[in-house]
Amino acid sequence: MSSAILKKESKIAKYIGFVTTGTMFSRILGYFRDMMVAWFFGGGLFADAFYAALRIPNLFRRLLGEGALSASFVPVFSEYVTTKDKEETKNLFNVVFTVLILALLVVTSAGIILAPQITELVTWGFKKNPEKLALTVSLTRLMFPFLLFICLAAFLFSVLNSLKHFFIPAVSPAFLSVSEIGFILGIAPLLIVENQVKGLAVAVVVGGLLQFLVQIPAIKKNGFSFKPVFNFSHPGLKQIFLLMLPAMWGISIDQVNAFVDTICASFLVEGSVTALYYSNRLMQLPLALFGIAVASVSLPLMSSSVSKKDIHEMKNTLSFAIKISSLAILPAMAGLIILGRPMIKFLFEHGKFDSFATSLTTSALFFYSLGLLAFSYVKIFAGGFYSMKETKIPVKIATICMVLNIILNIKLMEILGVGGLALATAVSSWVNTVLLYIYLRKRIGSFGGREIIITLFKIALATLVMSGVCYIISAFLLKQLMLKVFGTIFIGILVYFVMVKMLKIKEVDSIMSVIKKESPSLNE
């Protein structure tokens with residue numbers, strides 16, 4: 001590998017390292033928060049109502065916030081950062097911020113007013129339990145302002161990423177966990193049961209506000225201020241809006257699928273909605289640490305390359321993103337399949353969260369894990385299209401896969417219950433991946449397919465050896481639950497690292513150069 005390529009890849013790996021570090025901290029707090037919620041509320045009526053209600057602002061969050069906004073805003077803003085002067089860039093920032101606040105105030109107000117109708121649509125199955133439905137409506141109303149703050153936070157996240165500042169945005173979600181944990185430990189025991197879960201909903205809103213506020217100092221440090229600018233004819237705003245309309249659908253496919261999953265799960269045995277949430281949370285850890293981290297870094301870098309009309313550099317970034325994410329995601333997928341049940345028992349089977357809830361969650365996690373690699377690839381491949389300001393192709397593919405997911409949900413939930421819903425999501429994501437790859441290759445040509453296949457083969461071989469060792473250790477050697485989980489993970493990482501070095505997977509060189517502080521500084 002040439003020194004120039006190693007230097008470039010090391011820089012990308014360094015950015016990914018910042019995102020992964022911040023995300024790791026956020027996720028650790030997030031799991032502790034989930035453990036507290038599971039211990040305090042169990043897996044029954046209150047937890048089902050809370051997580052079903054949380055799905056609703058989260059869906060709109062993806063439509064208006066970190067999903068569609070990032071996909072449409074980052075390429076345009078990156079172009080301004082690369083090719084325009086500072087004042088034009090600041091003006092675009094303020095125009096978008098002003099319009100975003102106005103739109104979010106309208107949507108939030110409408111959501112609070114129409115909460116009964118929206119909730120009934122999302123949780124049809126709850127109609128058989130009027131108490132559960134009424135509680136979900138109340139929680140939806142309480143949590144809708146979360147949408148306002150979290151979408152503003154997502155906007156600042158996109159700005160900082162475009163400016164190649166990655167750590168603060170990645171660590172900001174930790175404040176949502178801080179808010180919820182603080183409520184459970186300090187206030188919830190003083191309230192009656194129904195007010196406890198309502199108080200938790202308020203804590204979610206407070207957490208969203210904190211997630212927005214913590215990013216403001218970094219924004220101001222980069223010379224941006226928050227001034228209302230009502231220029232609805234701004235050319236940059238028009239460009240973002242035209243990109244955002246289709247992206248609102250395309251980038252939100254995972255949340256739309258989660259929306260459909262929640263509807264289907266509401267017809268299954270009580271606890272199914274909660275099982276989907278916790279299994280998805282576990283699956284999301286490696287996805288967030290590596291898949292989403294890589295996608296978050298690669299989108300602004302590819303957008304910058306496209307702005308400079310350097311497609312070769314863009315393709316190199318895309319190829320490296322696929323290989324570096326696979327290096328972490330594939331062994332993580334194997335680990336979740338092998339250690340799913342003991343991890344769920346260790347994390348959640350406390351208090352009111354019983355063995356039946358563990359079984360439901362384990363079933364969903366197993367099938368979700370089969371699609372983990374696809375979930376990562378979809379975000380990276382879609383980012384390739386978005387960097388070129390192309391949203392129509394991902395939208396068409398996402399729509400096909402959404403229909404496929406609905407059909408598979410109906411068929412598989414009858415056979416596998418809550419596990420069938422997770423399997424439907426995994427299968428539709430693999431179809432999404434294959435179609436995105438085919439059309440992206442048609443659009444930009446080859447981006448190192450032969451090298452990617454060779455690297456994937458080596459990663460798969462290293463993962464296979466690691467999986468065999470982990471299975472033997474967890475099934476036959478380690479019996480104590482905590483030791484079984486963490487001991488197996490530790491040994492698995494060591495075995496995988498040795499195998500990766502033996503197989504000479506060259507992408508590790510970029511990571512090692514960062515660890516050895518050989519990579520360029522962030523100011524280069």
# chains A, B, ... in the order shown; residues from 1 in each chain; ligands from 1
$ select_by_dssp --residues "range 110-355 of chain A" --states "helix (DSSP H, G or I)" --output "VMD selection string"
chain A and resid 110 to 113 115 to 122 124 to 128 130 to 143 145 to 162 167 to 171 174 to 186 188 to 190 193 to 213 216 to 221 235 to 250 253 to 265 272 to 307 311 to 348 355
$ residues_around --residues "Val294 in chain A" --least-positions-apart "5" --cutoff "8 Å" --atoms "only C-alpha atoms" --output "PyMOL selection string"
chain A and resi 16+321+324-325+380
$ closest_residue --among "A:Pro169, A:Val508, A:Tyr471, A:Lys392" --to "Ser296 in chain A" --atoms "only C-alpha atoms"
A:Pro169
$ atom_distance --atom1 "CA of Ala38 in chain A" --atom2 "CA of Phe126 in chain A"
20.5 Å
$ closest_atom_pairs --of "range 299-396 of chain A" --to "range 257-279 of chain A" --cutoff "8 Å" --atoms "only C-alpha atoms" --output "Markdown table"
| residue | atom | partner | partner_atom | distance |
| --- | --- | --- | --- | --- |
| A:Ala357 | CA | A:Gly271 | CA | 6.6 |
| A:Thr358 | CA | A:Ala275 | CA | 7.9 |
| A:Leu360 | CA | A:Ala275 | CA | 5.8 |
| A:Thr361 | CA | A:Ala275 | CA | 4.3 |
| A:Thr362 | CA | A:Ser279 | CA | 7.0 |
| A:Ala364 | CA | A:Ser279 | CA | 5.9 |
| A:Leu365 | CA | A:Ser279 | CA | 4.6 |
| A:Tyr368 | CA | A:Ser279 | CA | 7.6 |
$ atom_distance --atom1 "CA of Val37 in chain A" --atom2 "CA of Ile187 in chain A"
13.4 Å
$ closest_residue --among "A:Pro145, A:Gly30, A:Gly445, A:Gly487" --to "Ser109 in chain A" --atoms "only C-alpha atoms"
A:Pro145
$ residues_around --residues "Leu92 in chain A" --least-positions-apart "3" --cutoff "12 Å" --atoms "only C-alpha atoms" --output "PyMOL selection string"
chain A and resi 73-74+76-81+84-89+95-99+159+224-240
$ write_last_selection --atoms "C-alpha atoms" --output "short mmCIF file (atom, residue, chain, number, x, y, z; two decimals), in the first residue's frame"
data_model
loop_
_atom_site.label_atom_id
_atom_site.label_comp_id
_atom_site.auth_asym_id
_atom_site.auth_seq_id
_atom_site.Cartn_x
_atom_site.Cartn_y
_atom_site.Cartn_z
CA PHE A 73 -27.99 18.84 3.83
CA VAL A 74 -24.47 17.37 4.11
CA VAL A 76 -24.94 20.79 -0.21
CA PHE A 77 -23.30 22.21 2.92
CA SER A 78 -20.04 20.36 2.12
CA GLU A 79 -20.08 21.98 -1.32
CA TYR A 80 -20.46 25.42 0.30
CA VAL A 81 -17.64 24.67 2.75
CA LYS A 84 -17.91 29.09 -1.24
CA ASP A 85 -16.66 31.80 1.12
CA LYS A 86 -17.31 31.73 4.87
CA GLU A 87 -20.12 34.32 4.83
CA GLU A 88 -22.14 32.40 2.22
CA THR A 89 -21.72 29.22 4.29
CA VAL A 95 -31.44 29.99 6.61
CA VAL A 96 -31.73 26.22 7.12
CA PHE A 97 -31.83 26.56 10.91
CA THR A 98 -34.66 29.11 10.71
CA VAL A 99 -36.79 27.06 8.31
CA VAL A 159 -22.99 20.68 10.38
CA PHE A 224 -21.40 30.15 13.37
CA SER A 225 -24.11 32.06 15.23
CA PHE A 226 -27.84 31.47 15.45
CA LYS A 227 -29.57 34.32 13.63
CA PRO A 228 -33.07 34.07 12.12
CA VAL A 229 -32.84 34.53 8.36
CA PHE A 230 -36.15 34.31 6.48
CA ASN A 231 -34.78 33.85 2.97
CA PHE A 232 -37.03 31.11 1.59
CA SER A 233 -35.67 31.64 -1.92
CA HIS A 234 -32.05 30.88 -0.97
CA PRO A 235 -30.59 28.64 -3.74
CA GLY A 236 -28.92 26.33 -1.21
CA LEU A 237 -32.20 25.90 0.67
CA LYS A 238 -34.02 25.05 -2.56
CA GLN A 239 -31.38 22.49 -3.42
CA ILE A 240 -31.64 20.89 0.04
#
$ atom_distance --atom1 "CA of Gly468 in chain A" --atom2 "CA of Val498 in chain A"
14.4 Å
$ closest_residue --among "A:Ile311, A:Leu160, A:Leu478, A:Leu464" --to "Met388 in chain A" --atoms "only C-alpha atoms"
A:Ile311
$ closest_atom_pairs --of "range 125-237 of chain A" --to "range 43-58 of chain A" --cutoff "9 Å" --atoms "only C-alpha atoms" --output "JSON lines"
{"residue": "A:Phe126", "atom": "CA", "partner": "A:Ala49", "partner_atom": "CA", "distance": 8.9}
{"residue": "A:Lys132", "atom": "CA", "partner": "A:Ala49", "partner_atom": "CA", "distance": 6.4}
{"residue": "A:Leu133", "atom": "CA", "partner": "A:Ala49", "partner_atom": "CA", "distance": 7.4}
{"residue": "A:Leu135", "atom": "CA", "partner": "A:Ala49", "partner_atom": "CA", "distance": 6.5}
{"residue": "A:Thr136", "atom": "CA", "partner": "A:Ala49", "partner_atom": "CA", "distance": 4.8}
{"residue": "A:Val137", "atom": "CA", "partner": "A:Ala53", "partner_atom": "CA", "distance": 7.2}
{"residue": "A:Ser138", "atom": "CA", "partner": "A:Ala53", "partner_atom": "CA", "distance": 8.6}
{"residue": "A:Leu139", "atom": "CA", "partner": "A:Ala53", "partner_atom": "CA", "distance": 5.9}
{"residue": "A:Thr140", "atom": "CA", "partner": "A:Ala53", "partner_atom": "CA", "distance": 4.8}
{"residue": "A:Arg141", "atom": "CA", "partner": "A:Ala53", "partner_atom": "CA", "distance": 8.6}
{"residue": "A:Met143", "atom": "CA", "partner": "A:Leu54", "partner_atom": "CA", "distance": 7.0}
{"residue": "A:Phe144", "atom": "CA", "partner": "A:Pro57", "partner_atom": "CA", "distance": 5.7}
{"residue": "A:Pro145", "atom": "CA", "partner": "A:Pro57", "partner_atom": "CA", "distance": 8.3}
{"residue": "A:Phe146", "atom": "CA", "partner": "A:Pro57", "partner_atom": "CA", "distance": 7.0}
{"residue": "A:Leu147", "atom": "CA", "partner": "A:Pro57", "partner_atom": "CA", "distance": 5.5}
{"residue": "A:Val193", "atom": "CA", "partner": "A:Phe46", "partner_atom": "CA", "distance": 9.0}
{"residue": "A:Glu194", "atom": "CA", "partner": "A:Phe46", "partner_atom": "CA", "distance": 8.0}
{"residue": "A:Val197", "atom": "CA", "partner": "A:Phe46", "partner_atom": "CA", "distance": 6.8}
{"residue": "A:Lys198", "atom": "CA", "partner": "A:Phe50", "partner_atom": "CA", "distance": 8.4}
{"residue": "A:Leu200", "atom": "CA", "partner": "A:Phe50", "partner_atom": "CA", "distance": 8.5}
{"residue": "A:Ala201", "atom": "CA", "partner": "A:Phe50", "partner_atom": "CA", "distance": 7.5}
{"residue": "A:Val204", "atom": "CA", "partner": "A:Leu54", "partner_atom": "CA", "distance": 8.9}
$ residues_around --residues "Pro75 in chain A" --least-positions-apart "4" --cutoff "9 Å" --atoms "only C-alpha atoms" --output "number ranges by chain"
A: 70-71, 79-80, 162, 240, 299-300, 302-304, 306-307, 386-389
$ residues_around --residues "Met499 in chain A" --least-positions-apart "3" --cutoff "10 Å" --atoms "only C-alpha atoms" --output "PyMOL selection string"
chain A and resi 458-459+461-466+493-496+502-505
$ residues_around --residues "Thr391 in chain A" --least-positions-apart "2" --cutoff "9 Å" --atoms "only C-alpha atoms" --output "ChimeraX atom specification"
/A:71-72,243-247,250,382,385-386,388-389,393-396
$ closest_residue --among "A:Pro130, A:Gly291, A:Gly335, A:Gly384" --to "Val469 in chain A" --atoms "only C-alpha atoms"
A:Gly335
$ residues_around --residues "Phe346 in chain A" --least-positions-apart "4" --cutoff "9 Å" --atoms "only C-alpha atoms" --output "ChimeraX atom specification"
/A:341-342,350,481-482,485
$ decode --residues "range 438-481 of chain A" --atoms "N, CA and C atoms" --output "PDB file, in the first residue's frame"
ATOM      1  N   ILE A 438     -25.747  -2.859  -7.168  1.00  0.00           N
ATOM      2  CA  ILE A 438     -25.865  -3.000  -8.627  1.00  0.00           C
ATOM      3  C   ILE A 438     -26.007  -1.634  -9.294  1.00  0.00           C
ATOM      4  N   TYR A 439     -26.900  -0.801  -8.762  1.00  0.00           N
ATOM      5  CA  TYR A 439     -27.155   0.497  -9.395  1.00  0.00           C
ATOM      6  C   TYR A 439     -26.026   1.491  -9.144  1.00  0.00           C
ATOM      7  N   LEU A 440     -25.363   1.392  -7.991  1.00  0.00           N
ATOM      8  CA  LEU A 440     -24.242   2.288  -7.729  1.00  0.00           C
ATOM      9  C   LEU A 440     -23.071   1.967  -8.658  1.00  0.00           C
ATOM     10  N   ARG A 441     -22.851   0.678  -8.893  1.00  0.00           N
ATOM     11  CA  ARG A 441     -21.775   0.269  -9.793  1.00  0.00           C
ATOM     12  C   ARG A 441     -22.065   0.730 -11.230  1.00  0.00           C
ATOM     13  N   LYS A 442     -23.340   0.675 -11.615  1.00  0.00           N
ATOM     14  CA  LYS A 442     -23.714   1.184 -12.943  1.00  0.00           C
ATOM     15  C   LYS A 442     -23.459   2.685 -13.051  1.00  0.00           C
ATOM     16  N   ARG A 443     -23.643   3.380 -11.933  1.00  0.00           N
ATOM     17  CA  ARG A 443     -23.536   4.845 -11.939  1.00  0.00           C
ATOM     18  C   ARG A 443     -22.077   5.306 -11.960  1.00  0.00           C
ATOM     19  N   ILE A 444     -21.201   4.696 -11.149  1.00  0.00           N
ATOM     20  CA  ILE A 444     -19.828   5.204 -11.014  1.00  0.00           C
ATOM     21  C   ILE A 444     -18.773   4.227 -11.512  1.00  0.00           C
ATOM     22  N   GLY A 445     -19.193   3.029 -11.935  1.00  0.00           N
ATOM     23  CA  GLY A 445     -18.223   2.034 -12.368  1.00  0.00           C
ATOM     24  C   GLY A 445     -17.684   1.238 -11.187  1.00  0.00           C
ATOM     25  N   SER A 446     -16.695   0.436 -11.441  1.00  0.00           N
ATOM     26  CA  SER A 446     -16.110  -0.412 -10.404  1.00  0.00           C
ATOM     27  C   SER A 446     -15.467   0.430  -9.306  1.00  0.00           C
ATOM     28  N   PHE A 447     -15.642   0.001  -8.069  1.00  0.00           N
ATOM     29  CA  PHE A 447     -14.962   0.687  -6.964  1.00  0.00           C
ATOM     30  C   PHE A 447     -14.207  -0.329  -6.103  1.00  0.00           C
ATOM     31  N   GLY A 448     -13.417  -1.153  -6.807  1.00  0.00           N
ATOM     32  CA  GLY A 448     -12.556  -2.099  -6.102  1.00  0.00           C
ATOM     33  C   GLY A 448     -13.256  -3.374  -5.693  1.00  0.00           C
ATOM     34  N   GLY A 449     -14.167  -3.864  -6.541  1.00  0.00           N
ATOM     35  CA  GLY A 449     -14.942  -5.051  -6.194  1.00  0.00           C
ATOM     36  C   GLY A 449     -14.095  -6.273  -5.916  1.00  0.00           C
ATOM     37  N   ARG A 450     -13.050  -6.490  -6.719  1.00  0.00           N
ATOM     38  CA  ARG A 450     -12.194  -7.669  -6.533  1.00  0.00           C
ATOM     39  C   ARG A 450     -11.476  -7.594  -5.184  1.00  0.00           C
ATOM     40  N   GLU A 451     -10.941  -6.427  -4.854  1.00  0.00           N
ATOM     41  CA  GLU A 451     -10.260  -6.262  -3.566  1.00  0.00           C
ATOM     42  C   GLU A 451     -11.228  -6.426  -2.402  1.00  0.00           C
ATOM     43  N   ILE A 452     -12.449  -5.905  -2.579  1.00  0.00           N
ATOM     44  CA  ILE A 452     -13.461  -6.039  -1.519  1.00  0.00           C
ATOM     45  C   ILE A 452     -13.781  -7.509  -1.268  1.00  0.00           C
ATOM     46  N   ILE A 453     -13.956  -8.290  -2.348  1.00  0.00           N
ATOM     47  CA  ILE A 453     -14.284  -9.711  -2.211  1.00  0.00           C
ATOM     48  C   ILE A 453     -13.155 -10.462  -1.512  1.00  0.00           C
ATOM     49  N   ILE A 454     -11.914 -10.182  -1.890  1.00  0.00           N
ATOM     50  CA  ILE A 454     -10.763 -10.844  -1.255  1.00  0.00           C
ATOM     51  C   ILE A 454     -10.716 -10.509   0.237  1.00  0.00           C
ATOM     52  N   THR A 455     -10.917  -9.242   0.550  1.00  0.00           N
ATOM     53  CA  THR A 455     -10.914  -8.819   1.956  1.00  0.00           C
ATOM     54  C   THR A 455     -12.044  -9.471   2.732  1.00  0.00           C
ATOM     55  N   LEU A 456     -13.246  -9.511   2.138  1.00  0.00           N
ATOM     56  CA  LEU A 456     -14.391 -10.133   2.804  1.00  0.00           C
ATOM     57  C   LEU A 456     -14.153 -11.623   3.055  1.00  0.00           C
ATOM     58  N   PHE A 457     -13.511 -12.294   2.099  1.00  0.00           N
ATOM     59  CA  PHE A 457     -13.204 -13.719   2.271  1.00  0.00           C
ATOM     60  C   PHE A 457     -12.277 -13.915   3.476  1.00  0.00           C
ATOM     61  N   LYS A 458     -11.265 -13.083   3.579  1.00  0.00           N
ATOM     62  CA  LYS A 458     -10.337 -13.194   4.710  1.00  0.00           C
ATOM     63  C   LYS A 458     -11.030 -12.885   6.040  1.00  0.00           C
ATOM     64  N   ILE A 459     -11.882 -11.860   6.030  1.00  0.00           N
ATOM     65  CA  ILE A 459     -12.620 -11.511   7.250  1.00  0.00           C
ATOM     66  C   ILE A 459     -13.548 -12.642   7.662  1.00  0.00           C
ATOM     67  N   ALA A 460     -14.222 -13.252   6.673  1.00  0.00           N
ATOM     68  CA  ALA A 460     -15.128 -14.361   6.958  1.00  0.00           C
ATOM     69  C   ALA A 460     -14.371 -15.550   7.543  1.00  0.00           C
ATOM     70  N   LEU A 461     -13.181 -15.825   7.026  1.00  0.00           N
ATOM     71  CA  LEU A 461     -12.374 -16.930   7.539  1.00  0.00           C
ATOM     72  C   LEU A 461     -11.945 -16.662   8.978  1.00  0.00           C
ATOM     73  N   ALA A 462     -11.492 -15.441   9.252  1.00  0.00           N
ATOM     74  CA  ALA A 462     -11.106 -15.074  10.620  1.00  0.00           C
ATOM     75  C   ALA A 462     -12.308 -15.162  11.560  1.00  0.00           C
ATOM     76  N   THR A 463     -13.472 -14.738  11.083  1.00  0.00           N
ATOM     77  CA  THR A 463     -14.698 -14.789  11.890  1.00  0.00           C
ATOM     78  C   THR A 463     -15.100 -16.230  12.175  1.00  0.00           C
ATOM     79  N   LEU A 464     -14.942 -17.116  11.194  1.00  0.00           N
ATOM     80  CA  LEU A 464     -15.309 -18.518  11.368  1.00  0.00           C
ATOM     81  C   LEU A 464     -14.471 -19.169  12.476  1.00  0.00           C
ATOM     82  N   VAL A 465     -13.178 -18.922  12.463  1.00  0.00           N
ATOM     83  CA  VAL A 465     -12.300 -19.466  13.503  1.00  0.00           C
ATOM     84  C   VAL A 465     -12.678 -18.896  14.870  1.00  0.00           C
ATOM     85  N   MET A 466     -12.884 -17.576  14.916  1.00  0.00           N
ATOM     86  CA  MET A 466     -13.287 -16.933  16.168  1.00  0.00           C
ATOM     87  C   MET A 466     -14.603 -17.503  16.693  1.00  0.00           C
ATOM     88  N   SER A 467     -15.563 -17.731  15.804  1.00  0.00           N
ATOM     89  CA  SER A 467     -16.879 -18.244  16.195  1.00  0.00           C
ATOM     90  C   SER A 467     -16.768 -19.629  16.816  1.00  0.00           C
ATOM     91  N   GLY A 468     -15.932 -20.487  16.209  1.00  0.00           N
ATOM     92  CA  GLY A 468     -15.743 -21.828  16.765  1.00  0.00           C
ATOM     93  C   GLY A 468     -15.185 -21.785  18.173  1.00  0.00           C
ATOM     94  N   VAL A 469     -14.193 -20.940  18.385  1.00  0.00           N
ATOM     95  CA  VAL A 469     -13.595 -20.816  19.713  1.00  0.00           C
ATOM     96  C   VAL A 469     -14.612 -20.267  20.711  1.00  0.00           C
ATOM     97  N   CYS A 470     -15.346 -19.230  20.312  1.00  0.00           N
ATOM     98  CA  CYS A 470     -16.340 -18.617  21.208  1.00  0.00           C
ATOM     99  C   CYS A 470     -17.450 -19.593  21.581  1.00  0.00           C
ATOM    100  N   TYR A 471     -17.894 -20.396  20.620  1.00  0.00           N
ATOM    101  CA  TYR A 471     -18.959 -21.350  20.906  1.00  0.00           C
ATOM    102  C   TYR A 471     -18.500 -22.385  21.934  1.00  0.00           C
ATOM    103  N   ILE A 472     -17.312 -22.909  21.749  1.00  0.00           N
ATOM    104  CA  ILE A 472     -16.782 -23.912  22.682  1.00  0.00           C
ATOM    105  C   ILE A 472     -16.646 -23.323  24.086  1.00  0.00           C
ATOM    106  N   ILE A 473     -16.107 -22.112  24.164  1.00  0.00           N
ATOM    107  CA  ILE A 473     -15.894 -21.484  25.471  1.00  0.00           C
ATOM    108  C   ILE A 473     -17.220 -21.204  26.173  1.00  0.00           C
ATOM    109  N   SER A 474     -18.173 -20.614  25.449  1.00  0.00           N
ATOM    110  CA  SER A 474     -19.442 -20.225  26.080  1.00  0.00           C
ATOM    111  C   SER A 474     -20.333 -21.419  26.385  1.00  0.00           C
ATOM    112  N   ALA A 475     -20.283 -22.455  25.556  1.00  0.00           N
ATOM    113  CA  ALA A 475     -21.182 -23.604  25.734  1.00  0.00           C
ATOM    114  C   ALA A 475     -20.649 -24.629  26.736  1.00  0.00           C
ATOM    115  N   PHE A 476     -19.323 -24.771  26.808  1.00  0.00           N
ATOM    116  CA  PHE A 476     -18.778 -25.885  27.596  1.00  0.00           C
ATOM    117  C   PHE A 476     -17.810 -25.487  28.711  1.00  0.00           C
ATOM    118  N   LEU A 477     -17.176 -24.331  28.604  1.00  0.00           N
ATOM    119  CA  LEU A 477     -16.107 -24.020  29.563  1.00  0.00           C
ATOM    120  C   LEU A 477     -16.519 -23.009  30.635  1.00  0.00           C
ATOM    121  N   LEU A 478     -17.201 -21.963  30.255  1.00  0.00           N
ATOM    122  CA  LEU A 478     -17.558 -20.912  31.213  1.00  0.00           C
ATOM    123  C   LEU A 478     -19.023 -21.030  31.601  1.00  0.00           C
ATOM    124  N   LYS A 479     -19.295 -21.095  32.888  1.00  0.00           N
ATOM    125  CA  LYS A 479     -20.665 -21.293  33.372  1.00  0.00           C
ATOM    126  C   LYS A 479     -21.242 -20.041  34.031  1.00  0.00           C
ATOM    127  N   GLN A 480     -20.428 -19.310  34.790  1.00  0.00           N
ATOM    128  CA  GLN A 480     -20.908 -18.103  35.463  1.00  0.00           C
ATOM    129  C   GLN A 480     -21.296 -17.060  34.405  1.00  0.00           C
ATOM    130  N   LEU A 481     -22.480 -16.449  34.538  1.00  0.00           N
ATOM    131  CA  LEU A 481     -23.065 -15.646  33.474  1.00  0.00           C
ATOM    132  C   LEU A 481     -22.174 -14.475  33.053  1.00  0.00           C
TER     133      LEU A 481
END
